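Working notes, beginning with the structure itself.
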Amino acid sequence: MKYAAQGQPLRNVVSIQNRGVKLDLPAGDYVLEIRSTEFGYEALQKSFSLTSDNTVLELPLKRIALSTETLSPTWNSSELQSWEMPETWRPDSKRRLVVKGPGVAFPRDENYRYYKDFKISSSAAMLNGVALSFAMRAPDSQNYYLLQLTGEKSDEPYAVRLFVVKNGVEQRIRAINIPRSAARAMGPGQFFGLSIKMIDYTVTVEIVDSETGALFPLGGLTDPARNFGVGAVGIAGHANAENAIERFVVCTGSKCLSE
């Protein structure tokens with residue numbers, strides 16, 4: 001649990017033992033935040049006032065149910081109302097989401113905010129050849145795994161890169177090169193198929209050449225620190241990148257992950 005006087009940073013930290021904690025605080029207004037170290041409960045933030053000694057607060061945490069439903073948006077103006085995303089990202093006339101500039105997009109519906117093991121099936125194009133990005137297992141918009149497939153105009157051309165983003169700061173975990181045979185399917189403005197599986201803390205990536213149907217397994221990347229065990233799955237944007245997302249499906253369950 002973190003706590004502080006109202007208006008101050010939450011710098012005081014204590015561990016909850018036997019479902020409780022005792023604090024010796026003067027009268028005043030305070031804010032606290034409780035986060036479970038294990039998956040299973042939503043974070044809780046609460047403001048409270050102390051006017052006398054021996055104040056007791058009961059703060060039950062809400063249990064989280066894992067997401068089991070398939071996420072499959074249709075990119076139109078109505079659909080965008082059910083997503084948190086930058087205002088500059090808009091659907092085009094062919095119902096493709098045009099992602100231009102930095103930011104992340106996640107569904108607002110709680111049924112799609114707690115995926116554990118999952119698969120993303122997508123078709124997309126790097127319109128200016130920089131990078132195609134996805135955000136995964138996000139507790140919120142400042143903390144998530146960032147997966148990037150880079151194009152010919154990137155600072156690191158043709159690579160699959162995995163980052164962990166904490167408090168908005170990217171930390172690189174690992175990268176693997178994309179072979180030339182697969183890179184030909186990812187030219188600027190060229191749509192290609194994409195399959196991303198995250199099982200436990202390993203991400204495996206495959207792409208499909210939309211013109212020839214050729215499948216290219218690109219390999220796997222693992223987070224040894226096991227940062228995020230569950231969270232929302234969505235789309236990310238890079239500062240210099242412009243992309244079009246046609247199909248974006250997130251599924252889970254044994255049938256989905258075995259395909």
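Letters A, B, ... mark the chains of the structure tokens in the order given; residue numbers begin at 1 per chain; ligand numbers begin at 1, in order shown.
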
| Close residues, A:Pro107 itself excluded, 7 Å, only C-alpha atoms, min 5 positions apart in chain, as number ranges by chain | A: 82-84, 112

Would you export the selected residues with C-alpha atoms as a CSV table (one decimal), in the first residue's frame, please?
```csv
chain,number,residue,atom,x,y,z
A,82,SER,CA,-15.8,2.1,-27.5
A,83,TRP,CA,-12.0,2.5,-27.6
A,84,GLU,CA,-9.5,4.7,-25.8
A,112,TYR,CA,-11.5,-7.2,-23.0
```

| Within 12 Å of A:Glu259 using only C-alpha atoms, minus same-chain residues under 6 positions, as a list in words | Phe118, Lys119, Ile120, Ser121, Ser195, Ile196, Lys197, Cys251, Thr252 and Gly253 of chain A

| query | Contacts of A:Arg226 at 10 Å or less, counting only C-alpha atoms, minus same-chain residues fewer than 4 places along, as a VMD selection string? | reply | chain A and resid 164 200 to 202 222

| field | Atom pair atom CA of A:Pro188 / atom CA of A:Ser141: separation (Å) | value |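 Distance reported for this atom pair: 27.8 Å.
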
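Backbone DSSP over stretch 62-203 of chain A yields helix (DSSP H, G or I) at Ser77, Ser78, Glu79, Leu80, Glu110, Asn111, Tyr112, Arg180, Ser181, Ala182, Ala183, Arg184, Ala185 and Met186 of chain A.
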
Could you take the residues named above and write them with N, CA, C and O atoms, as a PDB file, in the first residue's frame?
```
ATOM      1  N   SER A  77     -16.647   4.896 -37.272  1.00  0.00           N
ATOM      2  CA  SER A  77     -16.761   5.964 -36.261  1.00  0.00           C
ATOM      3  C   SER A  77     -17.459   5.485 -35.007  1.00  0.00           C
ATOM      4  O   SER A  77     -17.106   5.879 -33.888  1.00  0.00           O
ATOM      5  N   SER A  78     -18.462   4.622 -35.155  1.00  0.00           N
ATOM      6  CA  SER A  78     -19.174   4.093 -33.997  1.00  0.00           C
ATOM      7  C   SER A  78     -18.256   3.223 -33.143  1.00  0.00           C
ATOM      8  O   SER A  78     -18.260   3.306 -31.906  1.00  0.00           O
ATOM      9  N   GLU A  79     -17.463   2.379 -33.787  1.00  0.00           N
ATOM     10  CA  GLU A  79     -16.545   1.494 -33.064  1.00  0.00           C
ATOM     11  C   GLU A  79     -15.541   2.289 -32.239  1.00  0.00           C
ATOM     12  O   GLU A  79     -15.218   1.921 -31.107  1.00  0.00           O
ATOM     13  N   LEU A  80     -15.070   3.390 -32.779  1.00  0.00           N
ATOM     14  CA  LEU A  80     -14.054   4.173 -32.087  1.00  0.00           C
ATOM     15  C   LEU A  80     -14.545   4.742 -30.766  1.00  0.00           C
ATOM     16  O   LEU A  80     -13.741   5.046 -29.871  1.00  0.00           O
ATOM     17  N   GLU A 110     -14.645  -3.736 -20.034  1.00  0.00           N
ATOM     18  CA  GLU A 110     -13.876  -4.527 -19.078  1.00  0.00           C
ATOM     19  C   GLU A 110     -13.728  -5.983 -19.510  1.00  0.00           C
ATOM     20  O   GLU A 110     -12.793  -6.662 -19.097  1.00  0.00           O
ATOM     21  N   ASN A 111     -14.647  -6.478 -20.348  1.00  0.00           N
ATOM     22  CA  ASN A 111     -14.550  -7.866 -20.812  1.00  0.00           C
ATOM     23  C   ASN A 111     -13.314  -8.113 -21.663  1.00  0.00           C
ATOM     24  O   ASN A 111     -12.917  -9.265 -21.874  1.00  0.00           O
ATOM     25  N   TYR A 112     -12.705  -7.039 -22.164  1.00  0.00           N
ATOM     26  CA  TYR A 112     -11.533  -7.173 -23.029  1.00  0.00           C
ATOM     27  C   TYR A 112     -10.277  -6.559 -22.418  1.00  0.00           C
ATOM     28  O   TYR A 112      -9.325  -6.255 -23.140  1.00  0.00           O
ATOM     29  N   ARG A 180      15.393 -11.583 -45.109  1.00  0.00           N
ATOM     30  CA  ARG A 180      15.025 -10.850 -46.324  1.00  0.00           C
ATOM     31  C   ARG A 180      13.810 -11.453 -47.015  1.00  0.00           C
ATOM     32  O   ARG A 180      12.980 -10.738 -47.587  1.00  0.00           O
ATOM     33  N   SER A 181      13.710 -12.780 -46.989  1.00  0.00           N
ATOM     34  CA  SER A 181      12.579 -13.435 -47.652  1.00  0.00           C
ATOM     35  C   SER A 181      11.254 -12.975 -47.058  1.00  0.00           C
ATOM     36  O   SER A 181      10.263 -12.801 -47.773  1.00  0.00           O
ATOM     37  N   ALA A 182      11.210 -12.776 -45.736  1.00  0.00           N
ATOM     38  CA  ALA A 182       9.997 -12.288 -45.079  1.00  0.00           C
ATOM     39  C   ALA A 182       9.834 -10.786 -45.241  1.00  0.00           C
ATOM     40  O   ALA A 182       8.715 -10.279 -45.379  1.00  0.00           O
ATOM     41  N   ALA A 183      10.948 -10.067 -45.245  1.00  0.00           N
ATOM     42  CA  ALA A 183      10.889  -8.607 -45.330  1.00  0.00           C
ATOM     43  C   ALA A 183      10.243  -8.137 -46.631  1.00  0.00           C
ATOM     44  O   ALA A 183       9.638  -7.059 -46.670  1.00  0.00           O
ATOM     45  N   ARG A 184      10.350  -8.931 -47.693  1.00  0.00           N
ATOM     46  CA  ARG A 184       9.745  -8.532 -48.961  1.00  0.00           C
ATOM     47  C   ARG A 184       8.227  -8.387 -48.866  1.00  0.00           C
ATOM     48  O   ARG A 184       7.616  -7.687 -49.672  1.00  0.00           O
ATOM     49  N   ALA A 185       7.621  -9.078 -47.896  1.00  0.00           N
ATOM     50  CA  ALA A 185       6.161  -8.985 -47.725  1.00  0.00           C
ATOM     51  C   ALA A 185       5.744  -7.736 -46.964  1.00  0.00           C
ATOM     52  O   ALA A 185       4.552  -7.451 -46.837  1.00  0.00           O
ATOM     53  N   MET A 186       6.741  -6.974 -46.439  1.00  0.00           N
ATOM     54  CA  MET A 186       6.450  -5.860 -45.530  1.00  0.00           C
ATOM     55  C   MET A 186       6.841  -4.515 -46.117  1.00  0.00           C
ATOM     56  O   MET A 186       7.150  -3.583 -45.387  1.00  0.00           O
TER      57      MET A 186
END
```

| Within 10 Å of A:Arg96 using only C-alpha atoms, minus same-chain residues under 4 positions, as a list in words |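 So, after excluding close chain neighbours, the residues are Thr74, Trp75, Asn76, Arg90, Pro91, Asp92, Ser123, Ala124, Asn243, Ala244, Ile245, Glu246, Arg247 and Phe248 of chain A.
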
Could you save the residues just selected, with N, CA, C and O atoms, as a CSV table (one decimal), in the first residue's frame?
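What follows is the written file part18.csv:
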```csv
chain,number,residue,atom,x,y,z
A,74,THR,N,-14.7,-3.7,-35.8
A,74,THR,CA,-14.9,-3.2,-37.2
A,74,THR,C,-14.6,-1.7,-37.2
A,74,THR,O,-15.3,-0.9,-36.4
A,75,TRP,N,-13.7,-1.3,-37.9
A,75,TRP,CA,-13.2,0.1,-37.8
A,75,TRP,C,-14.1,1.1,-38.5
A,75,TRP,O,-14.1,1.3,-39.7
A,76,ASN,N,-15.0,1.7,-37.7
A,76,ASN,CA,-15.8,2.8,-38.2
A,76,ASN,C,-16.0,3.8,-37.0
A,76,ASN,O,-15.5,3.6,-35.9
A,90,ARG,N,-8.0,7.6,-37.1
A,90,ARG,CA,-9.3,7.6,-37.6
A,90,ARG,C,-9.5,6.5,-38.6
A,90,ARG,O,-8.5,6.1,-39.3
A,91,PRO,N,-10.7,6.0,-38.8
A,91,PRO,CA,-10.9,5.0,-39.9
A,91,PRO,C,-11.0,5.6,-41.2
A,91,PRO,O,-11.4,6.8,-41.4
A,92,ASP,N,-10.5,4.9,-42.3
A,92,ASP,CA,-10.6,5.5,-43.6
A,92,ASP,C,-11.9,4.9,-44.3
A,92,ASP,O,-12.7,4.3,-43.7
A,123,SER,N,-4.2,-8.1,-40.1
A,123,SER,CA,-3.6,-7.7,-41.4
A,123,SER,C,-3.4,-6.2,-41.4
A,123,SER,O,-4.3,-5.4,-41.0
A,124,ALA,N,-2.2,-5.8,-41.8
A,124,ALA,CA,-1.8,-4.4,-41.6
A,124,ALA,C,-0.8,-4.0,-42.7
A,124,ALA,O,-0.2,-4.8,-43.3
A,243,ASN,N,0.5,3.8,-40.1
A,243,ASN,CA,0.1,2.5,-40.4
A,243,ASN,C,-1.4,2.4,-40.7
A,243,ASN,O,-2.1,3.3,-40.3
A,244,ALA,N,-1.8,1.3,-41.4
A,244,ALA,CA,-3.2,1.0,-41.6
A,244,ALA,C,-3.5,-0.4,-41.0
A,244,ALA,O,-2.8,-1.3,-41.4
A,245,ILE,N,-4.4,-0.5,-40.1
A,245,ILE,CA,-4.8,-1.7,-39.5
A,245,ILE,C,-6.2,-2.2,-40.1
A,245,ILE,O,-7.2,-1.5,-40.0
A,246,GLU,N,-6.2,-3.3,-40.8
A,246,GLU,CA,-7.4,-3.8,-41.5
A,246,GLU,C,-8.1,-4.7,-40.5
A,246,GLU,O,-9.2,-4.4,-40.0
A,247,ARG,N,-7.5,-5.9,-40.3
A,247,ARG,CA,-8.1,-6.9,-39.4
A,247,ARG,C,-7.4,-6.9,-38.1
A,247,ARG,O,-6.1,-6.8,-38.1
A,248,PHE,N,-8.1,-6.9,-37.0
A,248,PHE,CA,-7.5,-7.0,-35.6
A,248,PHE,C,-8.3,-7.9,-34.8
A,248,PHE,O,-9.4,-7.4,-34.3
```

| message | Counting only C-alpha atoms, which residue out of A:Tyr158, A:Phe216, A:Tyr114, A:Phe228 sits closest to A:Asn143? | response | A:Phe228

Can you write out as CSV which residues of stretch 7-45 of chain A fall within 9 Å of stretch 53-59 of chain A, alongside each residue's closest atom pair and its distance in Å to one decimal, counting only C-alpha atoms and ordering rows by chain and ascending residue number?
```
residue,atom,partner,partner_atom,distance
A:Asp24,CA,A:Asp53,CA,8.9
A:Leu25,CA,A:Asp53,CA,8.7
A:Pro26,CA,A:Asp53,CA,8.4
A:Ala27,CA,A:Asp53,CA,8.1
A:Leu44,CA,A:Leu59,CA,8.4
```

Let me see the file: selected residues, N, CA and C atoms, as a PDB file, in the first residue's frame.
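For reference, part.pdb as written:
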```pdb
ATOM      1  N   ASP A  24       0.197   5.222  12.025  1.00  0.00           N
ATOM      2  CA  ASP A  24       0.100   6.257  13.052  1.00  0.00           C
ATOM      3  C   ASP A  24       0.173   7.609  12.352  1.00  0.00           C
ATOM      4  N   LEU A  25      -0.990   8.205  12.102  1.00  0.00           N
ATOM      5  CA  LEU A  25      -1.056   9.423  11.305  1.00  0.00           C
ATOM      6  C   LEU A  25      -1.789  10.520  12.077  1.00  0.00           C
ATOM      7  N   PRO A  26      -1.385  11.781  11.910  1.00  0.00           N
ATOM      8  CA  PRO A  26      -2.147  12.888  12.503  1.00  0.00           C
ATOM      9  C   PRO A  26      -3.438  13.127  11.729  1.00  0.00           C
ATOM     10  N   ALA A  27      -4.353  13.879  12.326  1.00  0.00           N
ATOM     11  CA  ALA A  27      -5.606  14.205  11.650  1.00  0.00           C
ATOM     12  C   ALA A  27      -5.307  14.942  10.340  1.00  0.00           C
ATOM     13  N   LEU A  44      -6.769  -0.382  -6.136  1.00  0.00           N
ATOM     14  CA  LEU A  44      -7.734   0.481  -5.453  1.00  0.00           C
ATOM     15  C   LEU A  44      -7.057   1.783  -5.058  1.00  0.00           C
TER      16      LEU A  44
END
```

| query | Could you pull out the strand (DSSP E) residues of stretch 129-187 of chain A from DSSP and send them as a PyMOL selection string? | reply | chain A and resi 131-140+143-150+159-166+169-177

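Look at A:Asp209: the protein and nucleic acid residues within 7 Å of it, using only C-alpha atoms and passing over chain neighbours fewer than 5 places away, are Ala185, Phe192, Gly193, Ala214 and Leu215 of chain A.
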
What would the file look like if the residues just selected were written as a CSV table (one decimal), in the first residue's frame with N, CA and C atoms?
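File produced: out_8.csv:
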```
chain,number,residue,atom,x,y,z
A,185,ALA,N,7.6,-9.1,-47.9
A,185,ALA,CA,6.2,-9.0,-47.7
A,185,ALA,C,5.7,-7.7,-47.0
A,192,PHE,N,0.1,-7.2,-45.2
A,192,PHE,CA,0.6,-8.5,-44.9
A,192,PHE,C,-0.2,-9.1,-43.7
A,193,GLY,N,-0.2,-10.4,-43.6
A,193,GLY,CA,-0.9,-11.0,-42.4
A,193,GLY,C,0.1,-11.2,-41.3
A,214,ALA,N,2.8,-17.2,-48.6
A,214,ALA,CA,3.9,-17.8,-47.9
A,214,ALA,C,3.9,-17.4,-46.4
A,215,LEU,N,4.2,-18.4,-45.5
A,215,LEU,CA,4.2,-18.2,-44.1
A,215,LEU,C,5.7,-18.1,-43.7
```

So that I can see what lies close to A:Arg161, please list as a PDB file with N, CA and C atoms, in the first residue's frame the residues with an atom at most 7 Å from it, counting only C-alpha atoms and leaving out residues fewer than 5 positions away in the same chain.
```
ATOM      1  N   LEU A 147       5.360  -4.509 -28.641  1.00  0.00           N
ATOM      2  CA  LEU A 147       5.952  -5.340 -29.688  1.00  0.00           C
ATOM      3  C   LEU A 147       5.977  -4.535 -30.984  1.00  0.00           C
ATOM      4  N   GLN A 148       7.141  -4.466 -31.615  1.00  0.00           N
ATOM      5  CA  GLN A 148       7.291  -3.725 -32.864  1.00  0.00           C
ATOM      6  C   GLN A 148       7.866  -4.609 -33.960  1.00  0.00           C
ATOM      7  N   LEU A 149       7.297  -4.471 -35.157  1.00  0.00           N
ATOM      8  CA  LEU A 149       7.905  -4.996 -36.366  1.00  0.00           C
ATOM      9  C   LEU A 149       8.366  -3.784 -37.159  1.00  0.00           C
ATOM     10  N   ARG A 174      14.480  -7.478 -25.928  1.00  0.00           N
ATOM     11  CA  ARG A 174      15.186  -8.308 -26.896  1.00  0.00           C
ATOM     12  C   ARG A 174      14.687  -7.977 -28.288  1.00  0.00           C
ATOM     13  N   ALA A 175      15.508  -8.326 -29.308  1.00  0.00           N
ATOM     14  CA  ALA A 175      15.105  -8.153 -30.704  1.00  0.00           C
ATOM     15  C   ALA A 175      15.649  -9.309 -31.529  1.00  0.00           C
ATOM     16  N   ILE A 176      14.944  -9.638 -32.610  1.00  0.00           N
ATOM     17  CA  ILE A 176      15.416 -10.637 -33.564  1.00  0.00           C
ATOM     18  C   ILE A 176      15.277 -10.057 -34.967  1.00  0.00           C
TER      19      ILE A 176
END
```

| message | Quick check, in Å to one decimal: how far apart do atom CA of A:Tyr145 and atom CA of A:Val13 lie? | response | 25.6 Å

| request: Mind checking which residues fall within 10 Å of A:Pro217, counting only C-alpha atoms, ignoring those fewer than 3 positions away in the same chain, and posting them as a list of chain:residue names? | output: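 Residues meeting the cut-off are A:Ile178, A:Pro179, A:Ala182, A:Leu194, A:Ser195, A:Thr204, A:Val205, A:Glu206, A:Ile207, A:Val208, A:Gly220.
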
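What separates atom CA of A:Gly219 from atom CA of A:Tyr115 is a distance of 21.8 Å.
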
| query | Pick the closest to A:Gly231 from A:Phe48, A:Phe106, A:Tyr30, A:Phe191: which is it, counting only C-alpha atoms? | reply | A:Phe106

| remark: Of A:Glu170, A:Glu211, A:Glu152, A:Asp117, the one sitting nearest A:Ser258 when using only C-alpha atoms is A:Asp117
